[in-house]
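S.K.: Please read through the structure below; I'll follow up with questions.
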Amino acid sequence: MMNELTPSSEPAESATDTTDEGVKTNGEADTQRQSRRRNPGHVLDQQQCLTGLSQLPGMLALGLIKPAQANAMRGVFKDILDHHREDRQQASGAVSTDDMIAAVRKNPALLKLFEPMLTDEQFDMVMNAVKEDQHGEA
């Protein structure tokens, strides 16, 4: 009989596949969904923020952006720069300045060990404290 269903040698199509051109198969839909997903953004570094800030006046003057947009963008750049500044301060301030001054007062040779970890401001504070101690003892 010719009307009997016989197994085909071709692989069976999945139930989600369609032959209409406008309808996507499961695999195509997944690929499209993945391509539409946002990639996680990166945080601009200081140089990128400064570059963006320096371009704002020109964009504003050319009418490419409105003053409110420029102000919003300036605020974002400032927030990112503040974040970078805080990160630097936390990294450099791992040891409190007061603790360092106390340790150097007890053993001045420690200043050589601490020096690479200190900001210029912290180094000056430690040096001033040590000088004050030396003048007070004399």
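By convention in this document, the chains of the structure tokens carry letters A, B, ... by their order, each chain's residues are numbered from 1, and ligands are numbered from 1 in the order they are shown.
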Pick out the residues sitting within 12 Å of Val76 of chain A, and hand them over as a list in words; count only C-alpha atoms, and ignore anything fewer than 4 positions along from it in its own chain.

M.R.: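 Within the cut-off, the hits are Val43, Leu44, Cys49, Leu50, Gly52, Leu53, Gln69, Ala70, Asn71, Ala72, Ile80, Leu81, Asp82 and His83 of chain A.
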
S.K.: When you draw a straight line from atom CA of Pro108 of chain A to atom CA of Asp120 of chain A, how long is it in Å?

M.R.: 17.8 Å

S.K.: Just list as a PyMOL selection string whatever in segment 59-122 of chain A DSSP marks as helix (DSSP H, G or I).

M.R.: chain A and resi 59-61+67-92+97-106+110-117+120-122

S.K.: What would the file look like if the residues just selected were written as a PDB file, in the first residue's frame with C-alpha atoms?

M.R.:
```pdb
ATOM      1  CA  MET A  59      28.660  69.075  21.901  1.00  0.00           C
ATOM      2  CA  LEU A  60      26.525  71.635  23.692  1.00  0.00           C
ATOM      3  CA  ALA A  61      27.750  74.509  21.510  1.00  0.00           C
ATOM      4  CA  PRO A  67      21.846  71.714  28.444  1.00  0.00           C
ATOM      5  CA  ALA A  68      19.893  69.325  30.677  1.00  0.00           C
ATOM      6  CA  GLN A  69      21.534  66.347  28.958  1.00  0.00           C
ATOM      7  CA  ALA A  70      24.980  67.912  29.303  1.00  0.00           C
ATOM      8  CA  ASN A  71      24.368  68.524  32.979  1.00  0.00           C
ATOM      9  CA  ALA A  72      23.219  64.938  33.512  1.00  0.00           C
ATOM     10  CA  MET A  73      26.274  63.611  31.680  1.00  0.00           C
ATOM     11  CA  ARG A  74      28.561  65.895  33.702  1.00  0.00           C
ATOM     12  CA  GLY A  75      27.026  64.524  36.873  1.00  0.00           C
ATOM     13  CA  VAL A  76      27.640  60.935  35.814  1.00  0.00           C
ATOM     14  CA  PHE A  77      31.263  61.652  34.894  1.00  0.00           C
ATOM     15  CA  LYS A  78      31.752  63.382  38.265  1.00  0.00           C
ATOM     16  CA  ASP A  79      30.231  60.440  40.145  1.00  0.00           C
ATOM     17  CA  ILE A  80      32.562  58.011  38.377  1.00  0.00           C
ATOM     18  CA  LEU A  81      35.591  60.223  39.058  1.00  0.00           C
ATOM     19  CA  ASP A  82      34.577  60.463  42.736  1.00  0.00           C
ATOM     20  CA  HIS A  83      34.343  56.667  42.865  1.00  0.00           C
ATOM     21  CA  HIS A  84      37.862  56.320  41.439  1.00  0.00           C
ATOM     22  CA  ARG A  85      39.149  58.864  43.960  1.00  0.00           C
ATOM     23  CA  GLU A  86      37.558  56.952  46.859  1.00  0.00           C
ATOM     24  CA  ASP A  87      39.045  53.678  45.623  1.00  0.00           C
ATOM     25  CA  ARG A  88      42.520  55.220  45.544  1.00  0.00           C
ATOM     26  CA  GLN A  89      42.119  56.642  49.036  1.00  0.00           C
ATOM     27  CA  GLN A  90      40.921  53.321  50.446  1.00  0.00           C
ATOM     28  CA  ALA A  91      43.759  51.426  48.781  1.00  0.00           C
ATOM     29  CA  SER A  92      46.399  53.859  49.982  1.00  0.00           C
ATOM     30  CA  THR A  97      48.067  57.324  59.490  1.00  0.00           C
ATOM     31  CA  ASP A  98      47.787  57.547  63.278  1.00  0.00           C
ATOM     32  CA  ASP A  99      48.893  53.925  63.679  1.00  0.00           C
ATOM     33  CA  MET A 100      51.786  54.537  61.327  1.00  0.00           C
ATOM     34  CA  ILE A 101      52.888  57.661  63.207  1.00  0.00           C
ATOM     35  CA  ALA A 102      52.791  55.751  66.492  1.00  0.00           C
ATOM     36  CA  ALA A 103      54.861  52.910  65.023  1.00  0.00           C
ATOM     37  CA  VAL A 104      57.438  55.295  63.508  1.00  0.00           C
ATOM     38  CA  ARG A 105      57.698  57.174  66.817  1.00  0.00           C
ATOM     39  CA  LYS A 106      58.627  53.913  68.510  1.00  0.00           C
ATOM     40  CA  LEU A 110      59.990  51.630  60.049  1.00  0.00           C
ATOM     41  CA  LEU A 111      59.486  54.751  57.948  1.00  0.00           C
ATOM     42  CA  LYS A 112      61.576  53.169  55.189  1.00  0.00           C
ATOM     43  CA  LEU A 113      59.217  50.170  55.171  1.00  0.00           C
ATOM     44  CA  PHE A 114      56.057  52.287  55.187  1.00  0.00           C
ATOM     45  CA  GLU A 115      57.205  54.842  52.615  1.00  0.00           C
ATOM     46  CA  PRO A 116      56.181  52.907  49.439  1.00  0.00           C
ATOM     47  CA  MET A 117      52.649  52.456  50.813  1.00  0.00           C
ATOM     48  CA  ASP A 120      52.504  62.095  49.668  1.00  0.00           C
ATOM     49  CA  GLU A 121      50.096  63.574  52.197  1.00  0.00           C
ATOM     50  CA  GLN A 122      50.532  60.666  54.624  1.00  0.00           C
TER      51      GLN A 122
END
```

S.K.: Interatomic distance between atom CA of Lys66 of chain A and atom CA of Gln48 of chain A?

M.R.: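 Interatomic distance here is 21.1 Å.
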